[in-house]
Every structure is written in structure tokens, then in C-alpha cells.
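Text of model.tsv (TSV, C-alpha atoms) as supplied:
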```tsv
chain	number	residue	atom	x	y	z
I	1400	MET	CA	66.86	21.35	28.12
I	1401	GLN	CA	63.15	22.00	28.79
I	1402	PHE	CA	62.34	18.62	27.34
I	1403	PRO	CA	63.60	16.45	30.27
I	1404	ILE	CA	61.96	18.71	32.88
I	1405	ARG	CA	58.66	18.38	31.10
I	1406	TRP	CA	59.03	14.62	31.01
I	1407	ILE	CA	59.91	14.47	34.71
I	1408	ALA	CA	56.92	16.66	35.60
I	1409	LEU	CA	54.72	14.49	33.42
I	1410	ALA	CA	56.05	11.33	35.09
I	1411	VAL	CA	55.39	12.76	38.57
I	1412	ALA	CA	51.88	13.78	37.56
I	1413	LEU	CA	51.27	10.34	36.05
I	1414	VAL	CA	52.44	8.56	39.19
I	1415	LEU	CA	50.19	10.76	41.34
I	1416	VAL	CA	47.19	10.12	39.09
I	1417	VAL	CA	47.83	6.36	39.10
I	1418	PHE	CA	48.19	6.38	42.89
I	1419	GLY	CA	44.96	8.37	43.24
I	1420	VAL	CA	43.11	5.93	40.99
I	1421	VAL	CA	44.49	2.95	42.93
I	1422	LEU	CA	43.38	4.52	46.22
I	1423	ALA	CA	39.97	5.35	44.78
I	1424	VAL	CA	39.29	1.78	43.70
I	1425	GLN	CA	40.59	0.37	46.99
I	1426	THR	CA	37.49	1.46	48.91
I	1427	ARG	CA	37.02	-0.63	51.98
I	1428	SER	CA	33.95	-2.77	51.86
I	1429	GLU	CA	32.75	-4.87	54.74
I	1430	PRO	CA	31.98	-8.33	53.45
I	1431	SER	CA	28.85	-9.85	54.91
I	1432	VAL	CA	30.34	-13.32	54.45
I	1433	PRO	CA	32.96	-14.04	57.12
I	1434	ARG	CA	36.50	-14.70	55.97
I	1435	LEU	CA	36.44	-18.16	57.56
I	1436	VAL	CA	33.53	-19.06	55.27
I	1437	LEU	CA	35.04	-17.42	52.18
I	1438	GLU	CA	38.21	-19.44	52.69
I	1439	HIS	CA	36.35	-22.59	53.78
I	1440	GLY	CA	38.49	-22.78	56.89
I	1441	PRO	CA	38.27	-25.49	59.52
I	1442	VAL	CA	36.30	-25.20	62.76
I	1443	PRO	CA	38.52	-23.19	65.11
I	1444	SER	CA	39.42	-25.20	68.18
I	1445	PHE	CA	37.50	-24.00	71.25
I	1446	SER	CA	36.81	-25.08	74.79
I	1447	MET	CA	34.21	-23.08	76.66
I	1448	LYS	CA	31.59	-23.50	79.34
I	1449	SER	CA	27.85	-23.14	78.79
I	1450	LEU	CA	25.77	-20.74	80.86
I	1451	GLU	CA	24.95	-23.78	83.02
I	1452	GLY	CA	28.64	-24.60	83.40
I	1453	LYS	CA	28.71	-27.59	81.08
I	1454	PRO	CA	31.71	-27.97	78.73
I	1455	ILE	CA	31.24	-27.02	75.07
I	1456	THR	CA	34.22	-28.01	72.95
I	1457	SER	CA	34.95	-28.23	69.25
I	1458	ALA	CA	36.13	-31.82	69.82
I	1459	GLY	CA	32.77	-32.74	71.34
I	1460	LEU	CA	30.96	-31.45	68.22
I	1461	LYS	CA	33.10	-33.33	65.72
I	1462	ASN	CA	31.35	-35.01	62.76
I	1463	LYS	CA	28.23	-32.89	63.28
I	1464	THR	CA	26.70	-30.44	60.88
I	1465	LEU	CA	27.39	-27.54	63.19
I	1466	VAL	CA	25.69	-24.16	63.37
I	1467	VAL	CA	27.51	-21.52	65.42
I	1468	ASN	CA	25.80	-18.23	66.20
I	1469	PHE	CA	27.64	-15.32	67.84
I	1470	PHE	CA	25.19	-13.06	69.62
I	1471	ASN	CA	24.48	-11.01	72.72
I	1472	SER	CA	21.59	-9.43	74.58
I	1473	TRP	CA	22.10	-5.82	73.50
I	1474	CYS	CA	22.37	-6.17	69.73
I	1475	ILE	CA	19.06	-5.41	68.03
I	1476	PRO	CA	19.65	-7.66	64.96
I	1477	CYS	CA	20.39	-10.52	67.42
I	1478	GLN	CA	17.00	-9.92	69.04
I	1479	GLN	CA	15.35	-9.75	65.62
I	1480	GLU	CA	17.03	-12.97	64.58
I	1481	ALA	CA	16.05	-14.94	67.71
I	1482	PRO	CA	12.59	-16.14	66.46
I	1483	ALA	CA	14.14	-17.52	63.25
I	1484	LEU	CA	16.87	-19.31	65.22
I	1485	LYS	CA	14.31	-20.76	67.62
I	1486	ALA	CA	12.12	-22.06	64.79
I	1487	PHE	CA	15.19	-23.44	62.99
I	1488	TYR	CA	16.46	-25.19	66.11
I	1489	ALA	CA	13.04	-26.65	66.94
I	1490	GLU	CA	12.86	-28.05	63.42
I	1491	HIS	CA	16.27	-29.76	63.45
I	1492	LYS	CA	17.28	-30.45	67.06
I	1493	ALA	CA	16.17	-34.08	66.92
I	1494	GLU	CA	18.34	-34.84	63.88
I	1495	ALA	CA	21.31	-36.99	64.87
I	1496	ASP	CA	23.94	-35.14	62.82
I	1497	PHE	CA	22.76	-31.67	63.84
I	1498	ALA	CA	24.32	-29.44	66.49
I	1499	MET	CA	23.85	-25.77	67.19
I	1500	ILE	CA	25.55	-23.54	69.72
I	1501	GLY	CA	25.40	-19.87	70.56
I	1502	ILE	CA	28.55	-18.04	71.63
I	1503	ILE	CA	28.20	-14.88	73.63
I	1504	ILE	CA	30.10	-11.94	72.22
I	1505	ASP	CA	30.75	-8.93	74.44
I	1506	ASP	CA	28.17	-9.53	77.12
I	1507	ASP	CA	28.26	-10.84	80.66
I	1508	ALA	CA	26.96	-14.24	81.74
I	1509	SER	CA	24.41	-12.99	84.26
I	1510	THR	CA	22.75	-10.65	81.74
I	1511	MET	CA	22.80	-13.43	79.16
I	1512	ARG	CA	21.14	-15.90	81.55
I	1513	GLY	CA	18.21	-13.52	81.86
I	1514	TYR	CA	18.12	-12.90	78.09
I	1515	VAL	CA	18.26	-16.62	77.25
I	1516	LYS	CA	15.43	-17.28	79.70
I	1517	ASP	CA	13.30	-14.40	78.36
I	1518	GLN	CA	13.86	-15.46	74.76
I	1519	ALA	CA	13.28	-19.15	75.60
I	1520	ILE	CA	16.53	-20.12	73.91
I	1521	THR	CA	17.10	-23.85	74.38
I	1522	TRP	CA	20.29	-24.54	72.40
I	1523	PRO	CA	23.58	-24.54	74.33
I	1524	VAL	CA	24.99	-21.06	74.84
I	1525	ALA	CA	28.72	-20.79	75.50
I	1526	VAL	CA	30.43	-18.09	77.51
I	1527	ASP	CA	33.53	-16.68	75.81
I	1528	PRO	CA	34.85	-14.52	78.68
I	1529	ASN	CA	37.94	-13.13	76.98
I	1530	GLY	CA	36.68	-13.20	73.40
I	1531	SER	CA	39.12	-15.90	72.29
I	1532	ALA	CA	36.52	-17.81	70.28
I	1533	SER	CA	35.38	-14.57	68.68
I	1534	LEU	CA	38.96	-13.85	67.57
I	1535	ASP	CA	39.63	-17.42	66.42
I	1536	PHE	CA	36.54	-17.30	64.22
I	1537	GLY	CA	37.54	-13.81	63.05
I	1538	THR	CA	34.14	-12.30	63.80
I	1539	THR	CA	33.49	-8.79	62.58
I	1540	GLY	CA	30.27	-8.12	64.44
I	1541	GLN	CA	27.10	-9.65	65.76
I	1542	PRO	CA	25.02	-11.60	65.04
I	1543	GLU	CA	27.36	-13.71	62.97
I	1544	THR	CA	26.42	-17.25	61.98
I	1545	TYR	CA	28.60	-20.06	60.66
I	1546	VAL	CA	27.57	-23.45	59.30
I	1547	PHE	CA	30.17	-26.22	59.23
I	1548	SER	CA	29.90	-29.43	57.24
I	1549	PRO	CA	30.34	-32.73	59.13
I	1550	ASP	CA	34.00	-32.80	58.06
I	1551	GLY	CA	34.53	-29.54	59.90
I	1552	VAL	CA	34.72	-27.04	57.02
I	1553	ALA	CA	33.05	-23.63	57.15
I	1554	VAL	CA	30.73	-23.72	54.16
I	1555	CYS	CA	28.10	-21.07	54.88
I	1556	GLY	CA	27.60	-18.06	57.06
I	1557	ARG	CA	27.13	-14.35	57.26
I	1558	LEU	CA	27.35	-11.27	59.38
I	1559	GLY	CA	23.87	-10.04	60.19
I	1560	ALA	CA	20.53	-11.53	61.04
I	1561	SER	CA	19.64	-14.76	59.23
I	1562	SER	CA	16.16	-16.02	58.34
I	1563	GLN	CA	14.89	-19.52	58.99
I	1564	SER	CA	14.73	-20.32	55.27
I	1565	LEU	CA	18.33	-19.17	54.80
I	1566	LEU	CA	19.47	-21.32	57.73
I	1567	ASP	CA	17.59	-24.31	56.27
I	1568	THR	CA	19.28	-23.78	52.90
I	1569	TRP	CA	22.68	-23.54	54.55
I	1570	LEU	CA	22.09	-26.68	56.60
I	1571	GLN	CA	21.09	-28.70	53.55
I	1572	GLY	CA	24.04	-27.30	51.63
I	1573	ALA	CA	26.45	-28.25	54.43
I	1574	ARG	CA	25.04	-31.76	54.61
I	1575	ASN	CA	25.37	-32.18	50.86
I	1576	GLY	CA	28.90	-30.82	50.79
I	1577	GLN	CA	27.82	-27.71	48.90
I	1578	GLU	CA	29.27	-24.28	49.42
I	1579	CYS	CA	27.03	-21.30	49.91
I	1580	THR	CA	29.43	-18.75	48.44
G	1006	MET	CA	97.56	29.23	70.42
G	1007	LYS	CA	96.98	26.26	68.17
G	1008	SER	CA	95.35	24.23	70.94
G	1009	ARG	CA	93.00	27.14	71.72
G	1010	LYS	CA	91.72	27.04	68.16
G	1011	LEU	CA	90.90	23.36	68.60
G	1012	VAL	CA	88.69	23.88	71.67
G	1013	PRO	CA	85.49	24.79	69.76
G	1014	TRP	CA	85.99	21.82	67.46
G	1015	ILE	CA	86.50	19.45	70.37
G	1016	ALA	CA	83.38	20.88	72.05
G	1017	LEU	CA	81.41	20.40	68.84
G	1018	VAL	CA	82.58	16.79	68.53
G	1019	ILE	CA	81.58	16.12	72.17
G	1020	VAL	CA	78.13	17.64	71.65
G	1021	VAL	CA	77.57	15.60	68.46
G	1022	VAL	CA	78.76	12.36	70.07
G	1023	VAL	CA	76.61	12.90	73.19
G	1024	GLY	CA	73.63	13.76	70.97
G	1025	ILE	CA	74.07	10.60	68.91
G	1026	VAL	CA	74.44	8.44	72.03
G	1027	VAL	CA	71.29	9.95	73.58
G	1028	LEU	CA	69.36	9.43	70.33
G	1029	VAL	CA	70.49	5.82	70.00
G	1030	VAL	CA	69.69	5.00	73.64
G	1031	ARG	CA	66.30	6.72	73.55
G	1032	SER	CA	65.27	5.19	70.23
G	1033	ARG	CA	65.94	1.67	71.49
G	1034	PRO	CA	62.49	0.14	72.00
G	1035	ASP	CA	61.41	-0.86	75.46
G	1036	ASN	CA	60.68	-4.57	75.25
G	1037	SER	CA	58.81	-4.99	78.49
G	1038	PRO	CA	55.56	-6.97	78.00
G	1039	ALA	CA	53.44	-3.88	78.72
G	1040	SER	CA	55.36	-1.77	76.20
G	1041	ARG	CA	55.18	-4.49	73.57
G	1042	ALA	CA	51.44	-4.84	74.13
G	1043	HIS	CA	50.93	-1.09	73.84
G	1044	ARG	CA	53.06	-0.93	70.71
G	1045	LEU	CA	51.11	-3.77	69.09
G	1046	GLU	CA	47.80	-2.13	70.01
G	1047	GLN	CA	48.94	0.94	68.12
G	1048	GLN	CA	50.23	-1.05	65.15
G	1049	LEU	CA	46.92	-2.86	64.68
G	1050	ALA	CA	43.77	-1.27	63.30
G	1051	CYS	CA	40.32	-1.94	64.70
G	1052	PRO	CA	38.94	-4.67	62.39
G	1053	VAL	CA	35.36	-3.43	62.50
G	1054	CYS	CA	35.71	0.35	62.51
G	1055	GLU	CA	37.37	3.05	60.42
G	1056	GLY	CA	40.43	5.06	61.35
G	1057	GLN	CA	40.95	3.74	64.86
G	1058	SER	CA	43.72	1.60	66.24
G	1059	ILE	CA	43.10	-1.26	68.62
G	1060	ALA	CA	44.43	1.02	71.36
G	1061	ASP	CA	41.79	3.68	70.61
G	1062	SER	CA	38.78	1.57	69.69
G	1063	ASN	CA	36.13	0.35	72.09
G	1064	SER	CA	34.54	-2.21	69.75
G	1065	PRO	CA	34.08	-5.75	71.14
G	1066	GLN	CA	36.66	-7.10	68.70
G	1067	SER	CA	39.23	-4.46	69.66
G	1068	ARG	CA	38.68	-5.11	73.35
G	1069	ALA	CA	39.06	-8.85	72.73
G	1070	ILE	CA	42.33	-8.20	70.87
G	1071	ARG	CA	43.55	-5.93	73.69
G	1072	ASP	CA	42.88	-8.79	76.13
G	1073	ASP	CA	44.43	-11.33	73.77
G	1074	ILE	CA	47.75	-9.56	73.06
G	1075	PRO	CA	49.17	-9.84	76.63
G	1076	ARG	CA	48.24	-13.54	76.69
G	1077	ARG	CA	50.15	-14.13	73.46
G	1078	ILE	CA	53.14	-12.15	74.75
G	1079	ALA	CA	53.08	-14.20	77.97
G	1080	ALA	CA	52.96	-17.36	75.84
G	1081	GLY	CA	56.26	-16.31	74.26
G	1082	GLN	CA	55.00	-15.24	70.83
G	1083	SER	CA	57.04	-12.63	68.97
G	1084	ASP	CA	55.50	-9.36	67.81
G	1085	ALA	CA	55.68	-10.59	64.21
G	1086	ALA	CA	53.91	-13.83	65.12
G	1087	ILE	CA	51.18	-11.91	66.95
G	1088	ARG	CA	50.68	-9.57	64.00
G	1089	ALA	CA	50.62	-12.57	61.63
G	1090	PHE	CA	47.89	-14.22	63.71
G	1091	TYR	CA	45.61	-11.19	63.42
G	1092	VAL	CA	46.40	-10.84	59.70
G	1093	SER	CA	45.34	-14.48	59.28
G	1094	LYS	CA	42.01	-13.66	60.89
G	1095	TYR	CA	41.31	-10.17	59.54
G	1096	THR	CA	43.58	-9.78	56.46
G	1097	GLU	CA	46.29	-7.13	56.09
G	1098	ARG	CA	43.81	-4.33	56.57
G	1099	ILE	CA	44.31	-4.86	60.30
G	1100	LEU	CA	47.86	-3.50	59.96
G	1101	GLU	CA	48.21	0.23	60.56
G	1102	THR	CA	51.36	0.37	58.43
G	1103	PRO	CA	51.36	-0.89	54.86
G	1104	SER	CA	52.94	-4.25	54.17
G	1105	ASN	CA	56.05	-4.80	52.07
G	1106	SER	CA	54.09	-6.38	49.26
G	1107	GLY	CA	51.14	-5.62	46.99
G	1108	LEU	CA	49.68	-2.15	47.33
G	1109	GLY	CA	51.99	-1.58	50.29
G	1110	ILE	CA	54.91	-1.25	47.88
G	1111	VAL	CA	53.18	1.76	46.31
G	1112	ALA	CA	52.71	3.39	49.72
G	1113	TRP	CA	56.36	2.86	50.66
G	1114	GLY	CA	57.76	3.50	47.20
G	1115	LEU	CA	55.87	6.64	46.22
G	1116	PRO	CA	57.65	9.01	48.66
G	1117	ALA	CA	61.03	7.57	47.58
G	1118	LEU	CA	60.07	7.98	43.95
G	1119	ALA	CA	58.95	11.56	44.60
G	1120	VAL	CA	62.30	12.35	46.27
G	1121	ILE	CA	64.25	10.80	43.37
G	1122	LEU	CA	62.22	12.61	40.71
G	1123	GLY	CA	62.35	15.87	42.67
G	1124	SER	CA	66.12	15.62	43.04
G	1125	ALA	CA	66.50	14.82	39.35
G	1126	SER	CA	64.36	17.86	38.49
G	1127	ILE	CA	66.53	20.11	40.66
G	1128	VAL	CA	69.74	18.76	39.10
G	1129	VAL	CA	68.39	19.26	35.58
G	1130	ALA	CA	67.16	22.77	36.40
G	1131	VAL	CA	70.47	23.82	38.02
G	1132	ARG	CA	72.44	22.48	35.05
G	1133	LYS	CA	70.16	24.36	32.71
G	1134	TRP	CA	70.57	27.61	34.62
G	1135	SER	CA	74.35	27.21	34.87
G	1136	ARG	CA	74.62	26.79	31.10
G	1137	THR	CA	72.64	29.94	30.35
G	1138	PRO	CA	75.24	32.52	29.14
G	1139	ARG	CA	75.66	35.55	31.38
G	1140	LEU	CA	74.62	38.75	29.62
G	1141	THR	CA	77.29	41.36	29.23
G	1142	ALA	CA	76.47	45.06	29.25
G	1143	THR	CA	76.76	46.81	25.91
G	1144	ASP	CA	78.07	50.35	25.55
G	1145	GLU	CA	74.49	51.47	25.12
G	1146	ASP	CA	73.53	49.82	28.46
G	1147	GLU	CA	76.41	51.49	30.25
G	1148	ASP	CA	75.38	54.88	28.79
G	1149	ILE	CA	71.87	54.42	30.19
G	1150	VAL	CA	73.27	53.58	33.64
G	1151	ARG	CA	75.67	56.51	33.55
G	1152	ARG	CA	72.91	58.94	32.56
G	1153	ALA	CA	70.65	57.62	35.28
G	1154	ARG	CA	73.38	58.12	37.88
G	1155	GLU	CA	74.08	61.64	36.71
G	1156	GLU	CA	70.41	62.52	36.90
G	1157	GLY	CA	70.29	61.06	40.37
G	1158	GLU	CA	73.13	63.25	41.54
```
What's the C-alpha cells form of this structure?
Amino acid sequence: MQFPIRWIALAVALVLVVFGVVLAVQTRSEPSVPRLVLEHGPVPSFSMKSLEGKPITSAGLKNKTLVVNFFNSWCIPCQQEAPALKAFYAEHKAEADFAMIGIIIDDDASTMRGYVKDQAITWPVAVDPNGSASLDFGTTGQPETYVFSPDGVAVCGRLGASSQSLLDTWLQGARNGQECT
Amino acid sequence: MKSRKLVPWIALVIVVVVGIVVLVVRSRPDNSPASRAHRLEQQLACPVCEGQSIADSNSPQSRAIRDDIPRRIAAGQSDAAIRAFYVSKYTERILETPSNSGLGIVAWGLPALAVILGSASIVVAVRKWSRTPRLTATDEDEDIVRRAREEGE
């Protein structure tokens, strides 16, 4: 009768080992590419106001190659990224199919007005007072940048500061219907 | 005399019934909007930090979700629909409790499996012990005991 007990003990040990291995390989990794981009999701519907009080809506940006940048005044990578965004925007702002907006994440409008002025940011910056846009995009931090093709599909993007050359590559990819991931 | 014997049993039944009623009433969830919001905040994990629920976390995303939950409740969404929305944005890792599919089955199933295997082990062990023949004392054993007793006296 020792035989079945041994087998039961062995089975329990085996299950525990398998469970341990499964847990060990299930380490949580933070993807730098947002889920919306990985899944090539559509532009989330949004309706916000700019820092100047002008409407910024997803409907108003339809058929554009759209760059969306979530940022705020206190995040250091956002500050580090600002020169690249400025150069990128200056290079493309005159192009008819191009649109770029910033969406404030976790910062107040008055602080952001000062920051936008100091940084000489000229692209429209939207206020997202209750974080709805942030949730609809599924942001996991800041800065987080998304590039949408003219047909409204998230094709490129990342969490973290982006360089001008990377943004240029993404823009061309979005225009050509290419995916960055 | 017979009815007196029944009194403790009646008292026991009353205590058990009252206990069950109290447990049932107290375990019924409070479905006020504030309670639902608090419950959901505890059922959802902060999507950008480790080991914290939405209720405990102070990350921008958690605060946005805390603000968002009451709006969804006010809009008439069910708890399941609200959880499903956040899962659609942040995957199932936003759920504090494992799901009923995938790896979640292992998390739910392992304790049950452990109980089943443990019970089976106990049953097998008890059967084994019960089949072991009881030893009977030989004459020689009884002599040893008798001598020991005599020496003790």
C-alpha cells in the first residue's frame, strides 16, 4: 500500500513544481509599445478643449496622419523629449495631411500654460481634466506617443521619450500604411 | 421531563438559525454607488505599478480610474462591464483576482487539487493503518511485564 501514497506525493510535488515554473516564466514585463499600437486599434473617440479653450476632437482630426503625445510639465523624459517634438513639428506642420496634438496627463492647466510657453510648444495641447482620454488610449505612463495612419489605425508608438528621427520614421510608416511593430 | 431534555436542543437550533441569518444578511453586498466604486477599486490593480490596487495607488492612471469608475456607475454600467472595459485597455493583469480562463484556472484549481490529493492521501493512509494486524502479546512478553511489575512493587 506504500505504492499509491508515493504516487500521490509525487503527483503533488509535480504539480507544485509545474506551478512554480509557470509562475517563474510569467514575470511581468512592461511593454514599451502601447497595447493600442500592438493591436492596431482605432483612434479612441475624444472631445477636449485646448489650453486656449478651442475644441480638439477625434472627429476634427479624421483622415489625418495623427501624432498624439501624452505629456506633462513634471515628467523629466517629457522635458527631454520636447526639443525633438518641436523640431519634428516644425518640419511637418505645413504638410496638409499632418496633425499633431499633445494631451496633458496628470497636470493642471495653469501650470501647463506656463510650461507650454516656456518650452515654446506651438502644437495644440488638450486638457484632459478627468483623465478620460488617457484611459481610452490605455496609457501606462508619460511621455507616451501614438501615430495613427490616415484611416485612423494606431500603427506606431511607444512609452518613453522619442527622438526626431524615430518620429520621422513613424510618420513615413503611417503614411505608407506600414506598421512599426 | 421529556420536554426539559429538548430545551438545549431547541436553544442550539435557535442559535444556529440566528447565526445563519446574521451571516447571510451581513454577507449580502451593499450595492450603493459608493460601495460598488470602492469594491471595484479594490478588485482592480494599478496598471502601472506592482502590488497595489487602484484604491491604494496614487499613480496618474489609478487616480484617473478612481475618477472614472463613479462616472461609469452613474451611467448605468454593471460591475462586470466596468471591469471588462479596463481589461480591454490594460489586459487581465488589471484584475486583482485571477480570471476563469488561462493561467487563472491554475490559480483557482491548484488549491482544489491540493485538497483532493490531500484527502486521498489521508484515506489511503487510514486504510493502510486499519489493515495492519494488531500485535498480540506472547507468553514471553507477558512474563517480561509481570517481572517488571513485581520488581516495581
### Message
Could you tell me which residues of chain I sit within 10 Å of chain G when counting all atoms listed in the file, and give me the result as a count of residues only?
### Response
38
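Atom CA of I:Leu1437 sits 25.8 Å away from atom CA of I:Val1526.
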### Message
Rounded to one decimal, what separation in Å do you get between atom CA of G:Ala1085 and atom CA of G:Ser1058?
### Response
17.2 Å
### Query
atom CA of I:Pro1454 and atom CA of I:Ile1502 are how many Å apart?
12.6 Å
So which residues fall inside 8 Å of (19.5, -20.4, 66.0) if we count only C-alpha atoms? Mind giving them as a PDB file with C-alpha atoms, keeping the file's coordinate frame?
```
ATOM      1  CA  VAL I1466      25.690 -24.160  63.370  1.00  0.00           C
ATOM      2  CA  ASN I1468      25.800 -18.230  66.200  1.00  0.00           C
ATOM      3  CA  GLU I1480      17.030 -12.970  64.580  1.00  0.00           C
ATOM      4  CA  ALA I1481      16.050 -14.940  67.710  1.00  0.00           C
ATOM      5  CA  ALA I1483      14.140 -17.520  63.250  1.00  0.00           C
ATOM      6  CA  LEU I1484      16.870 -19.310  65.220  1.00  0.00           C
ATOM      7  CA  LYS I1485      14.310 -20.760  67.620  1.00  0.00           C
ATOM      8  CA  ALA I1486      12.120 -22.060  64.790  1.00  0.00           C
ATOM      9  CA  PHE I1487      15.190 -23.440  62.990  1.00  0.00           C
ATOM     10  CA  TYR I1488      16.460 -25.190  66.110  1.00  0.00           C
ATOM     11  CA  MET I1499      23.850 -25.770  67.190  1.00  0.00           C
ATOM     12  CA  ILE I1500      25.550 -23.540  69.720  1.00  0.00           C
ATOM     13  CA  GLY I1501      25.400 -19.870  70.560  1.00  0.00           C
ATOM     14  CA  TRP I1522      20.290 -24.540  72.400  1.00  0.00           C
TER      15      TRP I1522
END
```
Please rebuild stretch 1082-1094 of chain G with N, CA, C and O atoms and give the result as a PDB file, keeping the file's coordinate frame.
```pdb
ATOM      1  N   GLN G1082      55.078 -15.547  72.270  1.00  0.00           N
ATOM      2  CA  GLN G1082      55.000 -15.240  70.830  1.00  0.00           C
ATOM      3  C   GLN G1082      55.718 -13.924  70.535  1.00  0.00           C
ATOM      4  O   GLN G1082      55.657 -12.987  71.344  1.00  0.00           O
ATOM      5  N   SER G1083      56.361 -13.872  69.381  1.00  0.00           N
ATOM      6  CA  SER G1083      57.040 -12.630  68.970  1.00  0.00           C
ATOM      7  C   SER G1083      55.996 -11.634  68.447  1.00  0.00           C
ATOM      8  O   SER G1083      54.858 -12.018  68.127  1.00  0.00           O
ATOM      9  N   ASP G1084      56.404 -10.385  68.335  1.00  0.00           N
ATOM     10  CA  ASP G1084      55.500  -9.360  67.810  1.00  0.00           C
ATOM     11  C   ASP G1084      55.048  -9.716  66.391  1.00  0.00           C
ATOM     12  O   ASP G1084      53.881  -9.553  66.038  1.00  0.00           O
ATOM     13  N   ALA G1085      55.997 -10.216  65.598  1.00  0.00           N
ATOM     14  CA  ALA G1085      55.680 -10.590  64.210  1.00  0.00           C
ATOM     15  C   ALA G1085      54.660 -11.723  64.177  1.00  0.00           C
ATOM     16  O   ALA G1085      53.732 -11.714  63.364  1.00  0.00           O
ATOM     17  N   ALA G1086      54.837 -12.701  65.083  1.00  0.00           N
ATOM     18  CA  ALA G1086      53.910 -13.830  65.120  1.00  0.00           C
ATOM     19  C   ALA G1086      52.519 -13.368  65.543  1.00  0.00           C
ATOM     20  O   ALA G1086      51.503 -13.842  65.011  1.00  0.00           O
ATOM     21  N   ILE G1087      52.475 -12.424  66.479  1.00  0.00           N
ATOM     22  CA  ILE G1087      51.180 -11.910  66.950  1.00  0.00           C
ATOM     23  C   ILE G1087      50.485 -11.153  65.825  1.00  0.00           C
ATOM     24  O   ILE G1087      49.298 -11.338  65.564  1.00  0.00           O
ATOM     25  N   ARG G1088      51.266 -10.315  65.127  1.00  0.00           N
ATOM     26  CA  ARG G1088      50.680  -9.570  64.000  1.00  0.00           C
ATOM     27  C   ARG G1088      50.187 -10.552  62.928  1.00  0.00           C
ATOM     28  O   ARG G1088      49.102 -10.382  62.371  1.00  0.00           O
ATOM     29  N   ALA G1089      50.986 -11.584  62.669  1.00  0.00           N
ATOM     30  CA  ALA G1089      50.620 -12.570  61.630  1.00  0.00           C
ATOM     31  C   ALA G1089      49.322 -13.281  61.995  1.00  0.00           C
ATOM     32  O   ALA G1089      48.497 -13.564  61.114  1.00  0.00           O
ATOM     33  N   PHE G1090      49.130 -13.554  63.289  1.00  0.00           N
ATOM     34  CA  PHE G1090      47.890 -14.220  63.710  1.00  0.00           C
ATOM     35  C   PHE G1090      46.679 -13.353  63.356  1.00  0.00           C
ATOM     36  O   PHE G1090      45.701 -13.832  62.778  1.00  0.00           O
ATOM     37  N   TYR G1091      46.765 -12.068  63.691  1.00  0.00           N
ATOM     38  CA  TYR G1091      45.610 -11.190  63.420  1.00  0.00           C
ATOM     39  C   TYR G1091      45.411 -10.965  61.912  1.00  0.00           C
ATOM     40  O   TYR G1091      44.280 -10.835  61.454  1.00  0.00           O
ATOM     41  N   VAL G1092      46.525 -10.945  61.169  1.00  0.00           N
ATOM     42  CA  VAL G1092      46.400 -10.840  59.700  1.00  0.00           C
ATOM     43  C   VAL G1092      45.682 -12.071  59.165  1.00  0.00           C
ATOM     44  O   VAL G1092      44.836 -11.981  58.275  1.00  0.00           O
ATOM     45  N   SER G1093      45.991 -13.245  59.748  1.00  0.00           N
ATOM     46  CA  SER G1093      45.340 -14.480  59.280  1.00  0.00           C
ATOM     47  C   SER G1093      43.845 -14.454  59.545  1.00  0.00           C
ATOM     48  O   SER G1093      43.080 -15.097  58.841  1.00  0.00           O
ATOM     49  N   LYS G1094      43.437 -13.725  60.559  1.00  0.00           N
ATOM     50  CA  LYS G1094      42.010 -13.660  60.890  1.00  0.00           C
ATOM     51  C   LYS G1094      41.295 -12.514  60.181  1.00  0.00           C
ATOM     52  O   LYS G1094      40.126 -12.620  59.825  1.00  0.00           O
TER      53      LYS G1094
END
```
